[in-house]
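Chemist: Below is a structure I'd like to ask you about.
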Amino acid sequence: MSTTANLERVLLVGEVEQFLFHEADLLGDRRFEDWLGLLTDDVVYRMPTRRNMPLRQWKDEQAPLHHFEDDHATLTARVKRLALADHGSG
């Protein structure tokens, strides 16, 4: 890897780290609307279920199950519900 490519990689890693720190700060401060602004309109946010099975069987599974699979619209609805809950408790 050339020195220029290595430097570009290091800079990219730094940018990604800073983005993730910023995202974590927004979520930690419950600034969900600002966090939502980081997401693209075609976002898919999912949490897969964990299955206790051999890896070879898991790979053959047709459709993995998810606890949730949200798009931008459902994430927006979640953020609105959280904002209402925060205002109601406070």
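Residues are named by chain letter and number: chains run A, B, ... in the order of the structure tokens, numbers start at 1 in each chain, and ligands are numbered from 1 in the order shown.
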Produce a table with one row for each residue of stretch 29-58 of chain A that has an atom at most 12 Å from any atom of stretch 18-23 of chain A, each row naming the nearest atom pair and its distance in Å at one decimal; use only C-alpha atoms; arrange rows by chain and rising residue number; format as a tab-separated table.
Modeler:
residue	atom	partner	partner_atom	distance
A:Asp29	CA	A:Glu23	CA	9.9
A:Arg30	CA	A:Glu23	CA	10.6
A:Arg31	CA	A:Glu23	CA	9.6
A:Phe32	CA	A:Glu23	CA	9.7
A:Glu33	CA	A:Glu23	CA	11.5
A:Asp34	CA	A:Glu23	CA	9.1
A:Trp35	CA	A:Glu23	CA	6.5
A:Leu36	CA	A:Glu23	CA	9.8
A:Gly37	CA	A:Glu23	CA	10.4
A:Leu38	CA	A:Glu23	CA	8.1
A:Leu39	CA	A:Glu23	CA	10.4
Chemist: Generate a file of the selected residues that holds C-alpha atoms, formatted as a compact mmCIF listing (two decimals), in the first residue's frame.
Modeler:
# COMPACT_ATOMS: atom_id res chain seq x y z
CA ASP A 29 -28.21 13.13 24.92
CA ARG A 30 -31.59 11.84 23.65
CA ARG A 31 -31.39 14.16 20.64
CA PHE A 32 -33.27 11.67 18.51
CA GLU A 33 -34.53 14.15 15.93
CA ASP A 34 -30.95 15.27 15.27
CA TRP A 35 -29.90 11.61 15.05
CA LEU A 36 -32.69 10.97 12.56
CA GLY A 37 -31.22 13.76 10.44
CA LEU A 38 -28.05 11.69 9.99
CA LEU A 39 -29.96 8.91 8.23
Chemist: If we count only C-alpha atoms and set the cut-off at 12 Å, which residues sit around A:Leu65, ignoring sequence neighbours fewer than 5 positions away in its own chain? Please answer as a list in words.
Modeler: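 Non-adjacent residues within range: Arg46, Met47, Pro48, Thr49, Arg50, Arg51 and Trp58 of chain A.
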Chemist: As a ChimeraX atom specification, which residues of chain A does DSSP assign to helix (DSSP H, G or I)?
Modeler: /A:3-28,32-36,55-60,72-88
Chemist: For the selection just defined, write its residues with N, CA and C atoms to a file, as a compact mmCIF listing (two decimals), in the first residue's frame.
Modeler:
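Below you can see again-v7.txt, which holds the result:
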# COMPACT_ATOMS: atom_id res chain seq x y z
N THR A 3 2.12 5.19 0.45
CA THR A 3 2.02 6.12 1.57
C THR A 3 0.75 6.97 1.45
N THR A 4 0.43 7.40 0.24
CA THR A 4 -0.77 8.21 0.01
C THR A 4 -2.03 7.41 0.33
N ALA A 5 -2.10 6.17 -0.15
CA ALA A 5 -3.26 5.32 0.12
C ALA A 5 -3.39 5.04 1.61
N ASN A 6 -2.26 4.82 2.27
CA ASN A 6 -2.28 4.57 3.71
C ASN A 6 -2.78 5.79 4.47
N LEU A 7 -2.31 6.97 4.07
CA LEU A 7 -2.76 8.21 4.71
C LEU A 7 -4.25 8.43 4.49
N GLU A 8 -4.71 8.18 3.27
CA GLU A 8 -6.14 8.33 2.98
C GLU A 8 -6.97 7.38 3.83
N ARG A 9 -6.47 6.17 4.01
CA ARG A 9 -7.19 5.19 4.84
C ARG A 9 -7.25 5.66 6.29
N VAL A 10 -6.14 6.14 6.81
CA VAL A 10 -6.10 6.63 8.19
C VAL A 10 -7.07 7.80 8.36
N LEU A 11 -7.09 8.71 7.40
CA LEU A 11 -8.00 9.85 7.47
C LEU A 11 -9.46 9.40 7.42
N LEU A 12 -9.75 8.43 6.56
CA LEU A 12 -11.12 7.91 6.47
C LEU A 12 -11.54 7.26 7.78
N VAL A 13 -10.66 6.47 8.36
CA VAL A 13 -10.97 5.83 9.65
C VAL A 13 -11.26 6.90 10.70
N GLY A 14 -10.48 7.97 10.70
CA GLY A 14 -10.72 9.06 11.64
C GLY A 14 -12.07 9.72 11.42
N GLU A 15 -12.45 9.93 10.16
CA GLU A 15 -13.76 10.52 9.87
C GLU A 15 -14.89 9.61 10.34
N VAL A 16 -14.75 8.32 10.10
CA VAL A 16 -15.78 7.36 10.53
C VAL A 16 -15.87 7.36 12.05
N GLU A 17 -14.73 7.35 12.72
CA GLU A 17 -14.74 7.38 14.19
C GLU A 17 -15.45 8.63 14.70
N GLN A 18 -15.14 9.78 14.13
CA GLN A 18 -15.77 11.02 14.57
C GLN A 18 -17.27 10.99 14.33
N PHE A 19 -17.69 10.43 13.20
CA PHE A 19 -19.12 10.30 12.94
C PHE A 19 -19.78 9.43 14.00
N LEU A 20 -19.17 8.30 14.31
CA LEU A 20 -19.75 7.39 15.30
C LEU A 20 -19.79 8.02 16.69
N PHE A 21 -18.75 8.78 17.05
CA PHE A 21 -18.76 9.49 18.34
C PHE A 21 -19.88 10.52 18.36
N HIS A 22 -20.06 11.24 17.25
CA HIS A 22 -21.12 12.24 17.16
C HIS A 22 -22.50 11.56 17.28
N GLU A 23 -22.67 10.44 16.57
CA GLU A 23 -23.93 9.70 16.65
C GLU A 23 -24.19 9.24 18.08
N ALA A 24 -23.17 8.70 18.74
CA ALA A 24 -23.33 8.24 20.12
C ALA A 24 -23.69 9.39 21.05
N ASP A 25 -23.06 10.56 20.83
CA ASP A 25 -23.40 11.73 21.65
C ASP A 25 -24.86 12.13 21.46
N LEU A 26 -25.32 12.14 20.22
CA LEU A 26 -26.72 12.50 19.96
C LEU A 26 -27.67 11.53 20.67
N LEU A 27 -27.40 10.25 20.55
CA LEU A 27 -28.26 9.25 21.18
C LEU A 27 -28.16 9.33 22.70
N GLY A 28 -26.96 9.51 23.21
CA GLY A 28 -26.77 9.61 24.66
C GLY A 28 -27.46 10.83 25.25
N PHE A 32 -32.87 12.63 19.52
CA PHE A 32 -33.27 11.67 18.51
C PHE A 32 -33.62 12.31 17.17
N GLU A 33 -34.21 13.49 17.20
CA GLU A 33 -34.53 14.15 15.93
C GLU A 33 -33.25 14.52 15.18
N ASP A 34 -32.24 14.98 15.91
CA ASP A 34 -30.95 15.27 15.27
C ASP A 34 -30.31 13.99 14.73
N TRP A 35 -30.42 12.90 15.50
CA TRP A 35 -29.90 11.61 15.05
C TRP A 35 -30.61 11.17 13.78
N LEU A 36 -31.92 11.35 13.73
CA LEU A 36 -32.69 10.97 12.56
C LEU A 36 -32.20 11.74 11.33
N LEU A 55 -23.86 -23.19 12.55
CA LEU A 55 -23.67 -22.18 11.52
C LEU A 55 -24.13 -22.67 10.16
N ARG A 56 -23.85 -23.92 9.79
CA ARG A 56 -24.24 -24.43 8.47
C ARG A 56 -25.76 -24.39 8.30
N GLN A 57 -26.50 -24.63 9.37
CA GLN A 57 -27.96 -24.58 9.31
C GLN A 57 -28.43 -23.13 9.22
N TRP A 58 -27.77 -22.24 9.94
CA TRP A 58 -28.13 -20.82 9.92
C TRP A 58 -27.95 -20.24 8.53
N LYS A 59 -26.87 -20.62 7.84
CA LYS A 59 -26.61 -20.11 6.49
C LYS A 59 -27.69 -20.55 5.50
N ASP A 60 -28.31 -21.70 5.74
CA ASP A 60 -29.33 -22.22 4.83
C ASP A 60 -30.71 -21.64 5.09
N HIS A 72 -37.18 4.56 7.23
CA HIS A 72 -37.15 5.95 7.69
C HIS A 72 -38.49 6.36 8.31
N ALA A 73 -39.58 5.93 7.71
CA ALA A 73 -40.91 6.30 8.22
C ALA A 73 -41.16 5.73 9.62
N THR A 74 -40.82 4.47 9.84
CA THR A 74 -41.07 3.88 11.15
C THR A 74 -40.10 4.43 12.20
N LEU A 75 -38.86 4.74 11.78
CA LEU A 75 -37.93 5.38 12.73
C LEU A 75 -38.43 6.77 13.12
N THR A 76 -38.97 7.50 12.15
CA THR A 76 -39.54 8.82 12.44
C THR A 76 -40.68 8.69 13.44
N ALA A 77 -41.54 7.69 13.25
CA ALA A 77 -42.65 7.46 14.19
C ALA A 77 -42.12 7.13 15.58
N ARG A 78 -41.07 6.31 15.65
CA ARG A 78 -40.47 5.98 16.95
C ARG A 78 -39.94 7.24 17.65
N VAL A 79 -39.26 8.09 16.88
CA VAL A 79 -38.70 9.32 17.44
C VAL A 79 -39.82 10.23 17.95
N LYS A 80 -40.92 10.32 17.22
CA LYS A 80 -42.06 11.13 17.66
C LYS A 80 -42.65 10.58 18.95
N ARG A 81 -42.79 9.25 19.05
CA ARG A 81 -43.31 8.64 20.28
C ARG A 81 -42.38 8.91 21.46
N LEU A 82 -41.07 8.81 21.23
CA LEU A 82 -40.12 9.10 22.30
C LEU A 82 -40.21 10.56 22.75
N ALA A 83 -40.38 11.47 21.80
CA ALA A 83 -40.50 12.89 22.14
C ALA A 83 -41.76 13.13 22.97
N LEU A 84 -42.86 12.50 22.60
CA LEU A 84 -44.10 12.64 23.38
C LEU A 84 -43.92 12.08 24.78
N ALA A 85 -43.26 10.93 24.88
CA ALA A 85 -43.04 10.31 26.19
C ALA A 85 -42.14 11.21 27.05
N ASP A 86 -41.10 11.79 26.45
CA ASP A 86 -40.20 12.68 27.20
C ASP A 86 -40.93 13.91 27.68
N HIS A 87 -41.79 14.50 26.85
CA HIS A 87 -42.52 15.70 27.24
C HIS A 87 -43.60 15.39 28.28
N GLY A 88 -44.14 14.19 28.19
CA GLY A 88 -45.17 13.78 29.15
C GLY A 88 -44.63 13.49 30.53
Chemist: Per DSSP on the backbone, filter chain A down to the residues in strand (DSSP E or B) and report them as a ChimeraX atom specification.
Modeler: /A:45-48,66-70
Chemist: Would you save the residues of that selection, restricted to C-alpha atoms, as a CSV table (one decimal), in the first residue's frame?
Modeler:
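The new file part24.csv reads:
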chain,number,residue,atom,x,y,z
A,45,TYR,CA,-32.5,-0.4,10.7
A,46,ARG,CA,-32.9,-3.9,11.9
A,47,MET,CA,-32.2,-6.1,14.9
A,48,PRO,CA,-31.8,-9.8,14.0
A,66,HIS,CA,-35.8,-9.8,13.1
A,67,HIS,CA,-37.1,-8.3,16.4
A,68,PHE,CA,-37.8,-5.2,14.2
A,69,GLU,CA,-37.0,-4.0,10.8
A,70,ASP,CA,-37.6,-0.3,10.4
